[in-house]
Amino acid sequence: MKRPAEVAETAGDLAKPLTVCLVGMPNSGKTTLMNALTDGNFQTANYPGVTVSLLRGTTRSEFGLPITLVDLPGVHSPVDPSPEEELSCQVIESRHSSVKADAFALVVDATQLERHLKFAGYVARQGKPLVLVVTMMDLLPRVGATLDIEKLSRALGLPVIAVDARTGAGISGLVSAMRAGTGSESNALENMGVDPVAAYSRVRDLLDNSGAVVRSTDSVEGDSLTARIDRIALHRILGFPMFFAVLIGIFASIFWMAQPFMDAIDSLFAAAGDVFVALFPASVLTRFVAEGLIGGVGAVAVFFPQIVILFFLMTLLEDSGYLARGATLVDRPLSYLGLHGRSFVPMLSGFACAIPAVFASRSIPTLRERLLTIWILPLMSCSARLPVYALLLAALLPGVAWTAGLSLAAIYLASLLIGSAIAGIVGRLVYRDRALSILAMELPVYRVPRWKIILKITWSRSSTYLRKAGGPIVVIAMVLWLLSNFGLGSQQPSLVAAVDQPLIVQAEMDFSLAAQLGQRMEPVLEPMGVDWRVGVGLISAFAAREVFVSAMAIVFHVEGGEDTQAAGLLEAMRTATFRDSDQLVFTPSSMIGLIVFFFFSLQCVATVAVVRKETNSWRFALLQLAFYTVLGYVSAVAVVQALRWVGVA
Amino acid sequence: MIKVANEELSLSEVSQSEWHEISRLDGPQKECRRLLDLGFTPGERVAVARSTPLGDPLVVVVRGAQLALRKREASWIRVQ
């Protein structure tokens with residue numbers, strides 16, 4: 001067998017650093033190892049084709065010439081793979097177009113040797129240089145076993161390195177082993193065969209003959225700490241209360257912990273806009289930068305604290321081992337709806353923002369359940385809807401804070417129930433064959449959270465949000481600014497008499513392109529019981545739903561700072577009437593209709609863009625947009641007309 | 001009740017915290033292949049470590065790993 005350095009040379013480029021891919025089964029500790037090898041110096045990298053994120057980095061400088069490391073998604077089995085597993089299999093079998101491995105570092109969990117070595121056989125068959133890395137050695141005493149690395153290495157005919165990513169023990173030895181490549185000409189794993197029964201019995205024989213593993217216990221429970229925690233976490237009576245307590249804790253953190261940061265960011269961007277206007281000459285360009293660009297970036301940044309907290313808590317739950325238990329608890333109802341136990345994570349994230357939720361659905365191993373989960377995410381009541389609901393509820397139920405609060409709680413609960421119903425219905429319509437894919441989800445042992453890695457992954461995921469959602473939101477915010485600040489020359493009252501009307505001209509809101517669009521929409525808006533001004537608000541809300549509030553303030557000519565603006569807007573809404581009539585626009589029925597519309601409709605271009613990227617399908621993303629827009633509109637019209645029919649104004 | 005030796009049961013029916021030997025897998029082919037890959041091979045011993053509040057999935061132990069298996073999946077695993 002060739003040494004990896006020779007392989008790199010024959011690849012043609014001497015200067016090209018060695019590329020070593022970390023492969024292994026899920027929960028084998030690859031990411032922890034990646035962190036230790038690179039000292040946290042790794043990035044999420046996306047490759048064309050399926051959107052699966054890989055971690056890519058280089059070894060720490062103290063280990064000599066840099067080695068490029070790629071952390072491949074964990075693989076349960078190369079048979080019937082998920083999109084993530086498929087990508088790993090492509091790289092392992094040298095079928096991938098851009099990720100080429102010179103050697104593999106095969107990461108195996110010391111407490112799961114048999115299953116992980118059987119997987120190792122699949123990698124060894126490919127004939128690439130191989131180093132076996134044993135992790136979780138510190139857990140062996142907890143499961144009552146010992147492992148002799150020397151004996152294992154002799155039996156397998158492979159370099160075997162035990163590492164402890166926390167203390168750094170074994171890391172430098174691993175780097176040397178990666179450079180040196182496989183020690184002997186052939187190893188015991190490569191002829192293991194494809195048939196799982198034969199492969200498992202071969203692994204069992206190898207381990208038994210080597211005498212490397214000694215077990216001192218025969219209990220079913222395994223690790224006693226994990227058994228003790230699971231006795232409560234999966235308890236018949238205590239299990240669900242504990243799960244709900246965790247969910248409520250996450251909810252509370254997302255909303256209350258994030259609030260001061262969100263307020264600070266909001267005022268920061270408002271101040272930045274004011275400073276910009278003060279510094280530069282008053283012109284349309286200055287206003288565009290201050291309101292369109294800075295405002296657009298602010299719209300992205302304001303949700304960032306929530307997203308960071310959300311990702312942090314999710315990663316914490318994942319790392320400690322509780323996430324898999326939560327997924328186990330709720331698998332039964334969710335699988336009845338055609339979803340997966342793990343769907344609860346994206347659904348929960350959806351209450352903060354649909355975009356991180358779409359990312360989180362990657363953890364669902366099967367494509368079908370992943371797509372169905374993404375399909376219902378827009379229904380989860382995201383935090384951008386809160387300012388809209390707050391405005392409409394304040395107008396609908398003036399002066400009674402607790403009824404508004406209660407209505408809000410009802411809206412949240414309804415979004416969960418209706419989301420479930422839609423999953424059930426759509427799942428049954430689209431997937432005729434009711435055979436569900438299998439769960440067979442590993443429950444890892446509970447561990448003390450590894451803070452450094454959790455923070456690193458939190459940052460990596462949060463910055464993905466900024467990169468992927470940031471662009472679309474900023475662009476849409478700028479486009480909408482242009483639409484509401486420019487109008488057709490022929491439509492401007494100041495220019496009616498002019499001989500030479502310019503085609504497009506700077507315009508007041510009432511005569512802008514957005515207003516024109518709103519007025520064109522009036523026949524559609526009329527059954528909802530609202531006028532063109534609300535139409536402008538609805539169009540603007542496509543940038544981000546909360547923009548509805550500020551757009552309404554502009555279109556109803558409400559001036560002043562944030563606090564007086566809210567009061568002014570409520571006052572303006574109370575007295576607003578339809579054109580050439582004294583009929584009120586904001587009646588109880590029309591406001592309830594608007595709430596219903598916001599409840600259903602997918603008013604967020606960034607979500608559409610992210611869904612497109614994640615599913616790699618325009619059809620899916622546009623179908624989803626059309627489905628929820630039509631559903632929202634039809635439901636709103638039905639509610640308004642029904643309320644009027646029973647006598648509600 | 002007299003227990004007959006070598007009586008075949010499915011893993012979804014056995015009592016908790018007892019080792020059983022897998023006799024065969026009896027279910028859809030693709031799914032059973034996945035179970036084999038996970039380590040549920042004939043001759044291997046398995047146990048149900050615990051149930052969950054809703055009675056489904058079950059927590060199953062095989063080859064030192066704890067896995068959550070839906071009852072339907074567990075019913076494909078025949079044990080002695």
# chains A, B, ... in the order shown; residues from 1 in each chain; ligands from 1
>>> interface_residues(of="chain A", to="chain B", cutoff="8 Å", atoms="only C-alpha atoms", output="NGL selection string")
:A and (76-77 or 79-80 or 111-112 or 114-115 or 196-197 or 200 or 220-222 or 234-237 or 239-240 or 328-329 or 331-332 or 437-444)
>>> select_by_dssp(residues="chain B", states="helix (DSSP H, G or I)", output="ChimeraX atom specification")
/B:29-38,71-74
>>> closest_residue(among="A:Leu130, A:Met380, A:Leu310, A:Val400", to="A:Met257", atoms="only C-alpha atoms")
A:Leu310
>>> closest_residue(among="A:Pro378, A:Ala155, A:Ala515, A:Ala606", to="A:Gly632", atoms="only C-alpha atoms")
A:Pro378
>>> closest_residue(among="A:Leu156, A:Leu18, A:Arg166, A:Ser460", to="A:Asp39", atoms="only C-alpha atoms")
A:Arg166
>>> select_by_dssp(residues="stretch 4-62 of chain B", states="strand (DSSP E)", output="PyMOL selection string")
chain B and resi 9-10+20-25+45-50+58-62
>>> write_last_selection(atoms="C-alpha atoms", output="PDB file, in the first residue's frame")
ATOM      1  CA  LEU B   9     -41.069 -14.134  20.087  1.00  0.00           C
ATOM      2  CA  SER B  10     -40.575 -10.742  18.566  1.00  0.00           C
ATOM      3  CA  HIS B  20     -32.472 -12.704  24.265  1.00  0.00           C
ATOM      4  CA  GLU B  21     -30.808 -14.297  21.257  1.00  0.00           C
ATOM      5  CA  ILE B  22     -31.816 -13.098  17.807  1.00  0.00           C
ATOM      6  CA  SER B  23     -33.059 -16.011  15.699  1.00  0.00           C
ATOM      7  CA  ARG B  24     -33.855 -14.163  12.496  1.00  0.00           C
ATOM      8  CA  LEU B  25     -35.120 -10.892  11.028  1.00  0.00           C
ATOM      9  CA  ARG B  45     -27.989 -11.108  21.964  1.00  0.00           C
ATOM     10  CA  VAL B  46     -30.338  -8.170  22.464  1.00  0.00           C
ATOM     11  CA  ALA B  47     -32.363  -6.747  25.302  1.00  0.00           C
ATOM     12  CA  VAL B  48     -35.061  -4.142  25.826  1.00  0.00           C
ATOM     13  CA  ALA B  49     -33.496  -1.766  28.355  1.00  0.00           C
ATOM     14  CA  ARG B  50     -36.606   0.324  28.947  1.00  0.00           C
ATOM     15  CA  LEU B  58     -38.436   1.016  22.903  1.00  0.00           C
ATOM     16  CA  VAL B  59     -34.856   1.451  24.071  1.00  0.00           C
ATOM     17  CA  VAL B  60     -32.971  -1.598  22.816  1.00  0.00           C
ATOM     18  CA  VAL B  61     -29.417  -2.710  23.602  1.00  0.00           C
ATOM     19  CA  VAL B  62     -27.266  -4.471  21.037  1.00  0.00           C
TER      20      VAL B  62
END
>>> residues_around(residues="stretch 260-269 of chain A", least_positions_apart="3", cutoff="9 Å", atoms="only C-alpha atoms", output="short mmCIF file (atom, residue, chain, number, x, y, z; two decimals) with N, CA, C and O atoms, in the first residue's frame")
data_model
loop_
_atom_site.label_atom_id
_atom_site.label_comp_id
_atom_site.auth_asym_id
_atom_site.auth_seq_id
_atom_site.Cartn_x
_atom_site.Cartn_y
_atom_site.Cartn_z
N TRP A 256 -36.73 36.15 26.25
CA TRP A 256 -36.36 37.13 27.27
C TRP A 256 -34.86 37.42 27.31
O TRP A 256 -34.48 38.56 27.43
N MET A 257 -34.04 36.41 27.18
CA MET A 257 -32.61 36.66 27.22
C MET A 257 -32.17 37.48 26.01
O MET A 257 -31.28 38.31 26.09
N ALA A 272 -27.04 54.62 13.82
CA ALA A 272 -26.11 54.62 12.69
C ALA A 272 -26.74 55.31 11.48
O ALA A 272 -26.09 56.11 10.80
N GLY A 273 -28.03 55.04 11.27
CA GLY A 273 -28.75 55.69 10.17
C GLY A 273 -28.79 57.20 10.37
O GLY A 273 -28.50 57.97 9.45
N ASP A 274 -29.09 57.63 11.61
CA ASP A 274 -29.18 59.07 11.91
C ASP A 274 -27.84 59.75 11.71
O ASP A 274 -27.75 60.83 11.13
N ILE A 294 -28.67 50.51 5.54
CA ILE A 294 -28.43 50.32 6.97
C ILE A 294 -29.66 49.70 7.63
O ILE A 294 -29.56 48.80 8.45
N GLY A 295 -30.84 50.14 7.20
CA GLY A 295 -32.07 49.55 7.73
C GLY A 295 -32.18 48.07 7.38
O GLY A 295 -32.58 47.26 8.21
N VAL A 297 -29.66 45.91 6.71
CA VAL A 297 -28.70 45.15 7.51
C VAL A 297 -29.21 45.02 8.94
O VAL A 297 -29.12 43.96 9.56
N GLY A 298 -29.82 46.11 9.43
CA GLY A 298 -30.38 46.08 10.79
C GLY A 298 -31.45 45.01 10.92
O GLY A 298 -31.54 44.33 11.94
N ALA A 299 -32.26 44.85 9.84
CA ALA A 299 -33.33 43.85 9.89
C ALA A 299 -32.78 42.44 10.04
O ALA A 299 -33.40 41.58 10.66
N ALA A 301 -29.64 41.85 11.44
CA ALA A 301 -28.87 41.80 12.69
C ALA A 301 -29.77 41.67 13.91
O ALA A 301 -29.39 41.04 14.90
N VAL A 302 -30.98 42.24 13.83
CA VAL A 302 -31.81 42.28 15.03
C VAL A 302 -32.20 40.87 15.50
O VAL A 302 -32.39 40.64 16.68
N PHE A 303 -32.25 39.91 14.58
CA PHE A 303 -32.62 38.55 14.99
C PHE A 303 -31.42 37.72 15.41
O PHE A 303 -31.57 36.61 15.88
N PHE A 304 -30.22 38.29 15.22
CA PHE A 304 -29.02 37.52 15.47
C PHE A 304 -28.90 37.01 16.91
O PHE A 304 -28.57 35.84 17.11
N PRO A 305 -29.18 37.86 17.94
CA PRO A 305 -29.08 37.35 19.32
C PRO A 305 -29.95 36.11 19.56
O PRO A 305 -29.51 35.13 20.15
N GLN A 306 -31.19 36.16 19.04
CA GLN A 306 -32.09 35.01 19.18
C GLN A 306 -31.51 33.76 18.55
O GLN A 306 -31.56 32.67 19.11
#
>>> residues_around(residues="A:Ala638", least_positions_apart="3", cutoff="12 Å", atoms="only C-alpha atoms", output="PyMOL selection string")
chain A and resi 527-529+589-590+592-594+596-597+630-635+641-645
>>> write_last_selection(atoms="N, CA, C and O atoms", output="PDB file, in the first residue's frame")
ATOM      1  N   PRO A 527     -62.144  41.709  -0.602  1.00  0.00           N
ATOM      2  CA  PRO A 527     -62.800  40.645   0.175  1.00  0.00           C
ATOM      3  C   PRO A 527     -62.199  40.446   1.567  1.00  0.00           C
ATOM      4  O   PRO A 527     -62.861  39.942   2.471  1.00  0.00           O
ATOM      5  N   MET A 528     -60.908  40.853   1.745  1.00  0.00           N
ATOM      6  CA  MET A 528     -60.289  40.757   3.067  1.00  0.00           C
ATOM      7  C   MET A 528     -60.710  41.924   3.956  1.00  0.00           C
ATOM      8  O   MET A 528     -60.370  41.970   5.137  1.00  0.00           O
ATOM      9  N   GLY A 529     -61.403  42.909   3.349  1.00  0.00           N
ATOM     10  CA  GLY A 529     -61.916  44.031   4.118  1.00  0.00           C
ATOM     11  C   GLY A 529     -60.889  45.113   4.390  1.00  0.00           C
ATOM     12  O   GLY A 529     -61.027  45.873   5.348  1.00  0.00           O
ATOM     13  N   SER A 589     -63.524  42.518  12.198  1.00  0.00           N
ATOM     14  CA  SER A 589     -63.430  41.419  11.236  1.00  0.00           C
ATOM     15  C   SER A 589     -62.187  41.547  10.358  1.00  0.00           C
ATOM     16  O   SER A 589     -61.472  40.567  10.131  1.00  0.00           O
ATOM     17  N   SER A 590     -61.862  42.767   9.891  1.00  0.00           N
ATOM     18  CA  SER A 590     -60.710  42.897   8.998  1.00  0.00           C
ATOM     19  C   SER A 590     -59.409  42.663   9.760  1.00  0.00           C
ATOM     20  O   SER A 590     -58.442  42.134   9.215  1.00  0.00           O
ATOM     21  N   ILE A 592     -59.033  40.671  12.460  1.00  0.00           N
ATOM     22  CA  ILE A 592     -58.914  39.221  12.673  1.00  0.00           C
ATOM     23  C   ILE A 592     -58.492  38.557  11.370  1.00  0.00           C
ATOM     24  O   ILE A 592     -57.647  37.664  11.347  1.00  0.00           O
ATOM     25  N   GLY A 593     -59.030  39.052  10.254  1.00  0.00           N
ATOM     26  CA  GLY A 593     -58.642  38.527   8.944  1.00  0.00           C
ATOM     27  C   GLY A 593     -57.151  38.695   8.692  1.00  0.00           C
ATOM     28  O   GLY A 593     -56.483  37.781   8.195  1.00  0.00           O
ATOM     29  N   LEU A 594     -56.604  39.874   9.082  1.00  0.00           N
ATOM     30  CA  LEU A 594     -55.171  40.108   8.888  1.00  0.00           C
ATOM     31  C   LEU A 594     -54.335  39.154   9.741  1.00  0.00           C
ATOM     32  O   LEU A 594     -53.310  38.637   9.305  1.00  0.00           O
ATOM     33  N   VAL A 596     -55.211  36.223  10.695  1.00  0.00           N
ATOM     34  CA  VAL A 596     -55.301  34.910  10.038  1.00  0.00           C
ATOM     35  C   VAL A 596     -54.353  34.851   8.845  1.00  0.00           C
ATOM     36  O   VAL A 596     -53.649  33.863   8.632  1.00  0.00           O
ATOM     37  N   PHE A 597     -54.287  35.967   8.076  1.00  0.00           N
ATOM     38  CA  PHE A 597     -53.396  35.980   6.914  1.00  0.00           C
ATOM     39  C   PHE A 597     -51.937  35.805   7.349  1.00  0.00           C
ATOM     40  O   PHE A 597     -51.211  34.977   6.803  1.00  0.00           O
ATOM     41  N   VAL A 630     -51.785  31.261  -0.812  1.00  0.00           N
ATOM     42  CA  VAL A 630     -53.182  30.982  -1.166  1.00  0.00           C
ATOM     43  C   VAL A 630     -53.962  30.560   0.079  1.00  0.00           C
ATOM     44  O   VAL A 630     -55.064  31.047   0.334  1.00  0.00           O
ATOM     45  N   LEU A 631     -53.364  29.698   0.890  1.00  0.00           N
ATOM     46  CA  LEU A 631     -54.035  29.233   2.111  1.00  0.00           C
ATOM     47  C   LEU A 631     -54.344  30.414   3.030  1.00  0.00           C
ATOM     48  O   LEU A 631     -55.446  30.529   3.578  1.00  0.00           O
ATOM     49  N   GLY A 632     -53.354  31.324   3.180  1.00  0.00           N
ATOM     50  CA  GLY A 632     -53.537  32.494   4.040  1.00  0.00           C
ATOM     51  C   GLY A 632     -54.634  33.388   3.515  1.00  0.00           C
ATOM     52  O   GLY A 632     -55.510  33.831   4.255  1.00  0.00           O
ATOM     53  N   TYR A 633     -54.615  33.634   2.204  1.00  0.00           N
ATOM     54  CA  TYR A 633     -55.597  34.535   1.612  1.00  0.00           C
ATOM     55  C   TYR A 633     -57.008  33.955   1.710  1.00  0.00           C
ATOM     56  O   TYR A 633     -57.938  34.613   2.172  1.00  0.00           O
ATOM     57  N   VAL A 634     -57.153  32.701   1.310  1.00  0.00           N
ATOM     58  CA  VAL A 634     -58.475  32.065   1.322  1.00  0.00           C
ATOM     59  C   VAL A 634     -59.016  32.010   2.755  1.00  0.00           C
ATOM     60  O   VAL A 634     -60.181  32.337   3.012  1.00  0.00           O
ATOM     61  N   SER A 635     -58.169  31.654   3.716  1.00  0.00           N
ATOM     62  CA  SER A 635     -58.623  31.582   5.101  1.00  0.00           C
ATOM     63  C   SER A 635     -59.024  32.959   5.607  1.00  0.00           C
ATOM     64  O   SER A 635     -60.048  33.104   6.290  1.00  0.00           O
ATOM     65  N   GLN A 641     -65.489  37.170   5.816  1.00  0.00           N
ATOM     66  CA  GLN A 641     -66.858  37.076   5.303  1.00  0.00           C
ATOM     67  C   GLN A 641     -67.771  36.366   6.305  1.00  0.00           C
ATOM     68  O   GLN A 641     -68.916  36.770   6.496  1.00  0.00           O
ATOM     69  N   ALA A 642     -67.244  35.330   6.971  1.00  0.00           N
ATOM     70  CA  ALA A 642     -68.056  34.604   7.949  1.00  0.00           C
ATOM     71  C   ALA A 642     -68.402  35.512   9.127  1.00  0.00           C
ATOM     72  O   ALA A 642     -69.540  35.535   9.599  1.00  0.00           O
ATOM     73  N   LEU A 643     -67.393  36.309   9.589  1.00  0.00           N
ATOM     74  CA  LEU A 643     -67.643  37.212  10.711  1.00  0.00           C
ATOM     75  C   LEU A 643     -68.699  38.249  10.336  1.00  0.00           C
ATOM     76  O   LEU A 643     -69.584  38.570  11.129  1.00  0.00           O
ATOM     77  N   ARG A 644     -68.599  38.764   9.113  1.00  0.00           N
ATOM     78  CA  ARG A 644     -69.574  39.763   8.682  1.00  0.00           C
ATOM     79  C   ARG A 644     -70.970  39.155   8.588  1.00  0.00           C
ATOM     80  O   ARG A 644     -71.962  39.790   8.934  1.00  0.00           O
ATOM     81  N   TRP A 645     -70.988  37.911   8.154  1.00  0.00           N
ATOM     82  CA  TRP A 645     -72.267  37.226   7.982  1.00  0.00           C
ATOM     83  C   TRP A 645     -72.972  37.042   9.328  1.00  0.00           C
ATOM     84  O   TRP A 645     -74.182  37.150   9.429  1.00  0.00           O
TER      85      TRP A 645
END
>>> residues_around(residues="B:Glu8", least_positions_apart="3", cutoff="12 Å", atoms="only C-alpha atoms", output="PyMOL selection string")
chain B and resi 3-5+11-14+20-26+75-80
>>> atom_distance(atom1="atom CA of A:Val246", atom2="atom CA of A:Glu85")
30.0 Å
>>> decode(residues="stretch 37-47 of chain B", atoms="all heavy atoms", output="PDB file, in the first residue's frame")
ATOM      1  N   ASP B  37     -27.060  -4.020   9.526  1.00  0.00           N
ATOM      2  CA  ASP B  37     -25.898  -3.133   9.558  1.00  0.00           C
ATOM      3  C   ASP B  37     -25.699  -2.519  10.937  1.00  0.00           C
ATOM      4  O   ASP B  37     -24.578  -2.250  11.348  1.00  0.00           O
ATOM      5  CB  ASP B  37     -26.059  -2.017   8.522  1.00  0.00           C
ATOM      6  CG  ASP B  37     -25.456  -2.394   7.184  1.00  0.00           C
ATOM      7  OD1 ASP B  37     -24.453  -3.133   7.190  1.00  0.00           O
ATOM      8  OD2 ASP B  37     -25.991  -1.971   6.139  1.00  0.00           O
ATOM      9  N   LEU B  38     -26.811  -2.281  11.628  1.00  0.00           N
ATOM     10  CA  LEU B  38     -26.718  -1.698  12.967  1.00  0.00           C
ATOM     11  C   LEU B  38     -26.251  -2.727  14.000  1.00  0.00           C
ATOM     12  O   LEU B  38     -25.963  -2.371  15.133  1.00  0.00           O
ATOM     13  CB  LEU B  38     -28.074  -1.124  13.394  1.00  0.00           C
ATOM     14  CG  LEU B  38     -28.475   0.177  12.704  1.00  0.00           C
ATOM     15  CD1 LEU B  38     -29.943   0.477  12.934  1.00  0.00           C
ATOM     16  CD2 LEU B  38     -27.620   1.324  13.243  1.00  0.00           C
ATOM     17  N   GLY B  39     -26.211  -3.993  13.623  1.00  0.00           N
ATOM     18  CA  GLY B  39     -25.681  -5.003  14.543  1.00  0.00           C
ATOM     19  C   GLY B  39     -26.683  -6.049  14.985  1.00  0.00           C
ATOM     20  O   GLY B  39     -26.347  -6.928  15.783  1.00  0.00           O
ATOM     21  N   PHE B  40     -27.922  -5.971  14.502  1.00  0.00           N
ATOM     22  CA  PHE B  40     -28.937  -6.974  14.873  1.00  0.00           C
ATOM     23  C   PHE B  40     -28.785  -8.201  13.976  1.00  0.00           C
ATOM     24  O   PHE B  40     -29.578  -8.421  13.071  1.00  0.00           O
ATOM     25  CB  PHE B  40     -30.344  -6.399  14.734  1.00  0.00           C
ATOM     26  CG  PHE B  40     -30.638  -5.268  15.678  1.00  0.00           C
ATOM     27  CD1 PHE B  40     -30.504  -3.944  15.269  1.00  0.00           C
ATOM     28  CD2 PHE B  40     -31.050  -5.525  16.983  1.00  0.00           C
ATOM     29  CE1 PHE B  40     -30.778  -2.904  16.133  1.00  0.00           C
ATOM     30  CE2 PHE B  40     -31.333  -4.467  17.851  1.00  0.00           C
ATOM     31  CZ  PHE B  40     -31.186  -3.157  17.426  1.00  0.00           C
ATOM     32  N   THR B  41     -27.744  -8.988  14.226  1.00  0.00           N
ATOM     33  CA  THR B  41     -27.507 -10.163  13.383  1.00  0.00           C
ATOM     34  C   THR B  41     -27.965 -11.414  14.109  1.00  0.00           C
ATOM     35  O   THR B  41     -27.920 -11.469  15.345  1.00  0.00           O
ATOM     36  CB  THR B  41     -26.015 -10.284  13.033  1.00  0.00           C
ATOM     37  OG1 THR B  41     -25.281 -10.285  14.259  1.00  0.00           O
ATOM     38  CG2 THR B  41     -25.549  -9.135  12.169  1.00  0.00           C
ATOM     39  N   PRO B  42     -28.427 -12.435  13.378  1.00  0.00           N
ATOM     40  CA  PRO B  42     -28.845 -13.685  14.019  1.00  0.00           C
ATOM     41  C   PRO B  42     -27.730 -14.244  14.890  1.00  0.00           C
ATOM     42  O   PRO B  42     -26.554 -14.196  14.519  1.00  0.00           O
ATOM     43  CB  PRO B  42     -29.136 -14.604  12.825  1.00  0.00           C
ATOM     44  CG  PRO B  42     -29.498 -13.676  11.722  1.00  0.00           C
ATOM     45  CD  PRO B  42     -28.649 -12.456  11.931  1.00  0.00           C
ATOM     46  N   GLY B  43     -28.106 -14.758  16.064  1.00  0.00           N
ATOM     47  CA  GLY B  43     -27.116 -15.288  16.993  1.00  0.00           C
ATOM     48  C   GLY B  43     -26.664 -14.267  18.016  1.00  0.00           C
ATOM     49  O   GLY B  43     -26.147 -14.620  19.067  1.00  0.00           O
ATOM     50  N   GLU B  44     -26.837 -12.972  17.708  1.00  0.00           N
ATOM     51  CA  GLU B  44     -26.405 -11.922  18.633  1.00  0.00           C
ATOM     52  C   GLU B  44     -27.456 -11.760  19.730  1.00  0.00           C
ATOM     53  O   GLU B  44     -28.633 -12.023  19.524  1.00  0.00           O
ATOM     54  CB  GLU B  44     -26.230 -10.618  17.844  1.00  0.00           C
ATOM     55  CG  GLU B  44     -25.638  -9.468  18.610  1.00  0.00           C
ATOM     56  CD  GLU B  44     -24.294  -9.784  19.236  1.00  0.00           C
ATOM     57  OE1 GLU B  44     -23.494 -10.484  18.578  1.00  0.00           O
ATOM     58  OE2 GLU B  44     -24.047  -9.333  20.362  1.00  0.00           O
ATOM     59  N   ARG B  45     -27.007 -11.299  20.900  1.00  0.00           N
ATOM     60  CA  ARG B  45     -27.989 -11.108  21.964  1.00  0.00           C
ATOM     61  C   ARG B  45     -28.455  -9.657  22.038  1.00  0.00           C
ATOM     62  O   ARG B  45     -27.674  -8.730  21.801  1.00  0.00           O
ATOM     63  CB  ARG B  45     -27.441 -11.579  23.301  1.00  0.00           C
ATOM     64  CG  ARG B  45     -26.124 -10.956  23.642  1.00  0.00           C
ATOM     65  CD  ARG B  45     -25.657 -11.414  24.989  1.00  0.00           C
ATOM     66  NE  ARG B  45     -24.821 -10.356  25.543  1.00  0.00           N
ATOM     67  CZ  ARG B  45     -24.457 -10.280  26.802  1.00  0.00           C
ATOM     68  NH1 ARG B  45     -24.829 -11.206  27.667  1.00  0.00           N
ATOM     69  NH2 ARG B  45     -23.710  -9.298  27.228  1.00  0.00           N
ATOM     70  N   VAL B  46     -29.732  -9.500  22.346  1.00  0.00           N
ATOM     71  CA  VAL B  46     -30.338  -8.170  22.464  1.00  0.00           C
ATOM     72  C   VAL B  46     -31.175  -8.126  23.727  1.00  0.00           C
ATOM     73  O   VAL B  46     -31.536  -9.169  24.283  1.00  0.00           O
ATOM     74  CB  VAL B  46     -31.276  -7.817  21.281  1.00  0.00           C
ATOM     75  CG1 VAL B  46     -30.512  -7.561  20.022  1.00  0.00           C
ATOM     76  CG2 VAL B  46     -32.325  -8.872  21.087  1.00  0.00           C
ATOM     77  N   ALA B  47     -31.472  -6.913  24.165  1.00  0.00           N
ATOM     78  CA  ALA B  47     -32.363  -6.747  25.302  1.00  0.00           C
ATOM     79  C   ALA B  47     -33.130  -5.447  25.143  1.00  0.00           C
ATOM     80  O   ALA B  47     -32.669  -4.524  24.470  1.00  0.00           O
ATOM     81  CB  ALA B  47     -31.559  -6.720  26.596  1.00  0.00           C
TER      82      ALA B  47
END
